[in-house]
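**Student:** See data30.txt below, with compact mmCIF, C-alpha atoms and all ligand atoms.
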```txt
# COMPACT_ATOMS: atom_id res chain seq x y z
CA MET A 146 10.99 -12.25 50.13
CA LYS A 147 14.07 -14.49 50.40
CA ILE A 148 13.72 -14.22 54.15
CA LYS A 149 9.93 -14.46 54.29
CA MET A 150 8.49 -15.31 57.68
CA THR A 151 6.47 -18.53 57.92
CA ALA A 152 5.65 -21.08 60.59
CA LYS A 153 8.53 -23.15 59.16
CA THR A 154 11.09 -20.44 59.95
CA GLY A 155 9.91 -20.31 63.56
CA PHE A 156 8.06 -17.07 62.76
CA ARG A 157 11.36 -15.34 62.00
CA GLY A 158 11.90 -13.15 58.97
CA TYR A 159 10.12 -10.62 56.78
CA GLN A 160 6.38 -9.99 56.76
CA ARG A 161 4.59 -7.82 54.23
CA ILE A 162 2.25 -4.93 54.98
CA GLY A 163 -1.01 -6.30 56.41
CA GLU A 164 0.37 -9.71 57.40
CA ASN A 165 0.64 -8.74 61.04
CA VAL A 166 -2.70 -8.73 62.80
CA THR A 167 -3.72 -7.03 66.07
CA LYS A 168 -7.12 -7.96 67.52
CA GLY A 169 -8.18 -9.42 64.17
CA LYS A 170 -7.31 -6.34 62.11
CA PRO A 171 -4.36 -6.13 59.70
CA ASP A 172 -1.65 -3.66 60.70
CA MET A 173 -0.26 -1.19 58.18
CA HIS A 174 3.37 -2.05 58.56
CA GLU A 175 6.05 -4.35 57.23
CA ALA A 176 8.70 -5.84 59.48
CA ILE A 177 11.60 -8.18 60.00
CA ASP A 178 11.03 -10.19 63.16
CA CYS A 179 13.87 -11.77 65.10
CA TYR A 180 13.95 -13.85 68.24
CA LYS A 181 16.70 -15.24 70.39
CA GLU A 182 17.75 -18.58 68.90
CA VAL A 183 15.73 -21.58 70.07
CA LYS A 184 17.56 -24.84 69.38
CA HIS A 185 15.60 -27.98 68.56
CA GLY A 186 14.15 -29.53 71.72
CA MET A 187 15.50 -26.76 73.96
CA TYR A 188 12.22 -26.09 75.77
CA GLY A 189 10.31 -29.19 74.69
CA ALA A 190 6.77 -28.58 73.42
CA LEU A 191 6.79 -25.07 74.91
CA GLY A 192 9.48 -23.86 72.50
CA GLU A 193 8.59 -25.78 69.32
CA THR A 194 6.72 -22.92 67.61
CA LEU A 195 9.71 -20.60 67.79
CA GLU A 196 12.49 -23.10 67.08
CA GLY A 197 14.95 -21.72 64.57
CA HIS A 198 17.51 -19.00 64.01
CA ASN A 199 17.22 -15.57 62.46
CA HIS A 200 17.24 -14.79 58.76
CA TRP A 201 19.00 -11.62 57.70
CA PRO A 202 19.13 -9.85 54.35
CA VAL A 203 22.41 -10.53 52.51
CA ASN A 204 22.69 -6.85 51.62
CA PRO A 205 24.14 -4.85 53.23
CA SER A 206 26.72 -7.48 54.09
CA ASN A 207 27.27 -6.17 57.64
CA PHE A 208 23.53 -6.24 58.47
CA ASN A 209 23.84 -9.34 60.62
CA SER A 210 26.87 -8.14 62.59
CA VAL A 211 25.41 -4.67 63.22
CA MET A 212 22.20 -6.27 64.51
CA GLU A 213 24.10 -8.69 66.75
CA GLU A 214 26.03 -5.79 68.26
CA TYR A 215 22.86 -3.74 68.73
CA ILE A 216 21.12 -6.68 70.45
CA SER A 217 24.06 -7.16 72.79
CA LEU A 218 24.11 -3.46 73.76
CA VAL A 219 20.36 -3.10 74.33
CA THR A 220 20.33 -6.37 76.31
CA ASP A 221 22.95 -4.95 78.70
CA LEU A 222 21.07 -1.66 78.96
CA SER A 223 17.75 -3.41 79.64
CA ARG A 224 19.34 -5.56 82.34
CA LYS A 225 20.60 -2.38 84.05
CA ILE A 226 17.17 -0.74 83.85
CA MET A 227 15.61 -3.90 85.36
CA ARG A 228 18.06 -3.66 88.28
CA GLY A 229 16.87 -0.09 88.83
CA ILE A 230 13.22 -1.18 88.64
CA ALA A 231 13.91 -3.96 91.17
CA LEU A 232 15.38 -1.39 93.56
CA ALA A 233 12.49 1.01 92.95
CA LEU A 234 10.05 -1.77 93.86
CA GLY A 235 11.90 -2.22 97.16
CA GLY A 236 13.63 -5.47 96.23
CA SER A 237 17.25 -6.46 95.76
CA PRO A 238 18.88 -5.40 92.48
CA ASN A 239 19.07 -9.07 91.46
CA GLU A 240 15.35 -9.76 91.73
CA PHE A 241 15.11 -10.26 87.95
CA GLU A 242 18.14 -12.54 87.63
CA GLY A 243 18.40 -16.32 87.98
CA GLU A 244 15.27 -18.31 87.19
CA ARG A 245 13.30 -15.15 86.48
CA ALA A 246 15.30 -13.34 83.82
CA GLY A 247 18.91 -14.38 84.31
CA ASP A 248 18.88 -15.93 80.82
CA PRO A 249 16.57 -13.34 79.25
CA PHE A 250 14.69 -14.17 76.09
CA TRP A 251 14.48 -11.34 73.56
CA VAL A 252 12.46 -10.34 70.53
CA MET A 253 13.33 -7.61 68.05
CA ARG A 254 11.19 -6.11 65.32
CA LEU A 255 12.52 -3.83 62.59
CA ILE A 256 9.36 -2.06 61.49
CA GLY A 257 8.49 0.17 58.54
CA TYR A 258 5.23 2.12 58.42
CA PRO A 259 4.23 3.53 55.01
CA GLY A 260 3.46 7.25 54.90
CA VAL A 261 0.08 8.65 53.93
CA SER A 262 -0.11 9.66 50.31
CA VAL A 263 -2.53 12.42 49.31
CA SER A 264 -4.63 10.01 47.24
CA ASN A 265 -5.35 7.56 50.05
CA SER A 266 -5.42 9.95 53.02
CA PRO A 267 -9.21 10.15 53.64
CA TYR A 268 -9.36 6.36 53.56
CA MET A 269 -6.24 6.09 55.72
CA LEU A 270 -7.70 7.95 58.70
CA GLU A 271 -10.55 5.46 58.99
CA ASN A 272 -8.82 2.18 58.40
CA ASP A 273 -5.09 2.29 58.45
CA ILE A 274 -3.64 1.91 61.88
CA GLY A 275 0.10 1.25 61.73
CA CYS A 276 -0.17 -1.06 64.71
CA GLY A 277 -3.39 -1.65 66.66
CA ALA A 278 -3.69 -1.03 70.42
CA HIS A 279 -1.86 -3.67 72.45
CA THR A 280 0.37 -4.18 75.45
CA ASP A 281 3.82 -5.71 75.11
CA TYR A 282 4.26 -9.22 76.43
CA GLY A 283 7.43 -9.43 78.48
CA LEU A 284 9.39 -7.19 80.81
CA LEU A 285 10.67 -4.08 79.13
CA THR A 286 10.61 -2.70 75.57
CA LEU A 287 13.09 -0.20 74.18
CA VAL A 288 11.60 1.56 71.13
CA ASN A 289 14.07 3.35 68.89
CA GLN A 290 11.91 5.52 66.66
CA ASP A 291 12.52 7.95 63.80
CA ASP A 292 13.25 11.41 65.19
CA GLU A 293 11.01 13.46 62.94
CA ILE A 294 7.69 11.62 62.93
CA SER A 295 5.14 11.43 65.77
CA ALA A 296 3.25 8.17 65.42
CA LEU A 297 3.43 6.21 68.68
CA GLN A 298 0.56 6.86 71.09
CA VAL A 299 0.17 5.66 74.67
CA ARG A 300 -3.08 5.55 76.64
CA ASN A 301 -2.85 7.38 79.96
CA LEU A 302 -4.79 6.69 83.17
CA SER A 303 -7.65 8.98 82.08
CA GLY A 304 -8.08 6.88 78.94
CA GLU A 305 -6.71 9.55 76.58
CA TRP A 306 -4.27 8.72 73.80
CA ILE A 307 -1.17 10.84 74.16
CA TRP A 308 1.72 11.07 71.67
CA ALA A 309 5.05 9.60 72.71
CA LEU A 310 6.94 12.36 70.93
CA PRO A 311 10.35 11.28 69.67
CA ILE A 312 13.20 12.78 71.68
CA PRO A 313 16.44 12.46 69.69
CA GLY A 314 18.97 10.18 71.36
CA THR A 315 16.44 8.43 73.61
CA PHE A 316 14.37 5.26 73.68
CA VAL A 317 10.71 5.02 74.60
CA CYS A 318 10.49 2.41 77.32
CA ASN A 319 7.32 0.27 77.59
CA ILE A 320 6.43 -2.04 80.46
CA GLY A 321 5.37 -5.55 79.48
CA ASP A 322 2.72 -7.95 80.81
CA MET A 323 5.18 -10.09 82.80
CA LEU A 324 6.48 -7.09 84.75
CA LYS A 325 2.87 -6.18 85.57
CA ILE A 326 2.35 -9.66 87.05
CA TRP A 327 5.68 -9.82 88.92
CA SER A 328 5.12 -6.33 90.42
CA ASN A 329 1.45 -7.19 91.21
CA GLY A 330 0.36 -4.15 89.22
CA LEU A 331 2.81 -1.61 90.67
CA TYR A 332 4.11 -1.39 87.10
CA GLU A 333 1.33 -1.33 84.51
CA SER A 334 1.78 -2.72 80.99
CA THR A 335 0.66 0.34 79.08
CA LEU A 336 -1.66 0.15 76.10
CA HIS A 337 -0.13 1.74 73.00
CA ARG A 338 -0.68 1.95 69.25
CA VAL A 339 0.92 3.47 66.16
CA ILE A 340 -0.70 5.83 63.66
CA ASN A 341 1.55 7.24 60.97
CA ASN A 342 -0.33 10.25 59.61
CA SER A 343 2.78 11.75 58.09
CA PRO A 344 3.64 11.52 54.39
CA LYS A 345 6.99 9.97 55.32
CA TYR A 346 7.80 6.30 55.71
CA ARG A 347 8.53 5.73 59.41
CA VAL A 348 11.06 3.28 60.79
CA SER A 349 11.20 2.02 64.33
CA VAL A 350 13.15 -0.74 66.01
CA ALA A 351 11.46 -2.32 69.01
CA PHE A 352 13.64 -4.45 71.26
CA PHE A 353 11.76 -6.58 73.77
CA TYR A 354 13.72 -7.68 76.85
CA GLU A 355 11.91 -10.67 78.29
CA PRO A 356 11.96 -13.18 81.15
CA ASN A 357 13.61 -16.60 80.75
CA PHE A 358 11.58 -18.42 78.10
CA ASP A 359 10.35 -21.01 80.62
CA ALA A 360 9.94 -18.63 83.57
CA VAL A 361 6.87 -19.10 85.75
CA VAL A 362 5.68 -15.61 86.55
CA MET A 363 3.59 -14.76 89.61
CA PRO A 364 3.37 -11.73 91.90
CA LEU A 365 6.55 -11.34 93.98
CA ASP A 366 5.96 -11.51 97.74
CA PHE A 367 7.43 -8.12 98.49
CA CYS A 368 5.27 -6.51 95.78
CA LYS A 369 2.19 -8.31 97.08
CA GLN A 370 2.83 -6.93 100.56
CA LYS A 371 2.84 -3.40 99.14
CA THR A 372 -0.45 -3.89 97.33
CA GLY A 373 -2.81 -5.14 100.00
CA GLY A 374 -1.47 -8.69 100.33
CA VAL A 375 -3.64 -10.09 97.56
CA GLU A 376 -2.41 -11.52 94.26
CA LYS A 377 -4.05 -9.44 91.55
CA PHE A 378 -2.96 -11.62 88.64
CA GLU A 379 -2.82 -15.31 87.93
CA LYS A 380 0.49 -16.95 87.26
CA ALA A 381 1.69 -17.25 83.69
CA VAL A 382 4.47 -19.06 81.86
CA TYR A 383 6.22 -16.45 79.74
CA GLY A 384 6.88 -18.77 76.75
CA GLU A 385 3.22 -19.83 76.65
CA HIS A 386 2.08 -16.21 76.69
CA LEU A 387 4.49 -15.31 73.87
CA VAL A 388 3.58 -18.30 71.68
CA SER A 389 -0.15 -17.66 72.04
CA LYS A 390 0.40 -14.04 70.94
CA VAL A 391 2.65 -15.01 68.03
CA LEU A 392 0.07 -17.49 66.76
CA THR A 393 -2.77 -14.95 66.80
CA ASN A 394 -0.65 -12.09 65.40
CA PHE A 395 0.41 -13.55 62.13
CA LYS A 396 -1.60 -14.22 59.07
CA THR A 397 0.71 -16.52 57.14
CA GLU A 398 -0.20 -18.57 54.10
CA GLU A 399 1.62 -21.68 55.22
CA THR A 400 0.95 -22.44 58.86
O1 LIG B 501 6.69 1.41 66.22
C1 LIG B 501 6.53 1.73 67.39
O2 LIG B 501 6.76 2.88 67.79
C2 LIG B 501 6.05 0.74 68.43
C3 LIG B 501 5.88 -0.66 67.92
C4 LIG B 501 5.23 -1.56 68.94
O3 LIG B 501 4.51 -1.13 69.80
C5 LIG B 501 5.50 -3.01 68.94
O4 LIG B 501 6.12 -3.51 67.97
O5 LIG B 501 5.13 -3.68 69.91
FE FE B 502 4.25 -2.58 71.38
```
Represent the structure of the file as structure tokens.

**Tutor:**
Amino acid sequence: MKIKMTAKTGFRGYQRIGENVTKGKPDMHEAIDCYKEVKHGMYGALGETLEGHNHWPVNPSNFNSVMEEYISLVTDLSRKIMRGIALALGGSPNEFEGERAGDPFWVMRLIGYPGVSVSNSPYMLENDIGCGAHTDYGLLTLVNQDDEISALQVRNLSGEWIWALPIPGTFVCNIGDMLKIWSNGLYESTLHRVINNSPKYRVSVAFFYEPNFDAVVMPLDFCKQKTGGVEKFEKAVYGEHLVSKVLTNFKTEET
């Protein structure tokens, strides 16, 4: 609770079970939320909500440095995957550099989902969704999930929920809303949710690799040409999209 998340901390820090909300319903998880540092005035009014730096537990003492190293490694990996995606779309490998995502914003959530205990299991099935159905907001998400528990589900094109079974040594990679817009729908931001039916506490670390905070995102010409020449999505400013989601996701006492 020393690193409790509030509006005053720029929505960084620890949130208790039920404090995160998806589509109006509390999620059955606790988490530490971190964002790339936003210095005062850096993005004007656009960035005000998320101004601040991250708050780490004091114990273990190397927590901060391990996280910093992890963030640096997954940022490099995500950038490489985005170069591959740019090539796959028929663009140059640098399509997502510069003004688009050359100075990528990032978000990281360290999430814990309580297990089902025998006493609350009938109730659990009805009400307790670890994380309600949503799409991720940015470009690319790397989910590092516990090896032994199946809890993450993804909705396929037929509308069925399928398990994203953990494969040891791998990440699950989600596409975010901004990549859907830039690719004019060639990449879909997939709906997913989390249901931990196991008796074990599940941990996952979701790293969100995002566009530049102030990037204006609209379908790329070469993607538009491949999809009938019509823009399927309206333009969005990534930072605005993120802030609007953050403000509806969190039920904090002091806002
Ligand atoms: O815990 C997971 O497997 C996924 C979490 C997630 O979808 C999210 O934080 O956006
Ligand atoms: Fe997600």

**Student:** Given the point (12.6, 1.1, 66.9) in the coordinates of this file, which residues lie within 6 Å, counting all atoms listed in the file, and how would they look as a VMD selection string?

**Tutor:** chain A and resid 288 to 290 349 to 351

**Student:** What does the distance between atom CA of Gly189 of chain A and atom CA of Glu385 of chain A come to in Å, to one decimal place?

**Tutor:** 11.9 Å

**Student:** Return the single residue from A:Arg161, A:His174, A:His386, A:Lys181 that is closest to Tyr346 of chain A, with distances computed using only C-alpha atoms.

**Tutor:**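 Distance minimum relative to Tyr346 of chain A lands on A:His174.
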
**Student:** Ranking A:Ser217, A:Gly236, A:Leu392, A:Gly384 by minimum distance to Lys371 of chain A and counting all atoms listed in the file, which one comes first?

**Tutor:**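 Using all atoms listed in the file, Lys371 of chain A sits closest to A:Gly236.
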
**Student:** Give the answer as one residue: which of A:Asn207, A:Thr372, A:Asn394, A:Ser328 has the shortest atom-to-atom distance to Leu232 of chain A, using only C-alpha atoms?

**Tutor:**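 Using only C-alpha atoms, Leu232 of chain A sits closest to A:Ser328.
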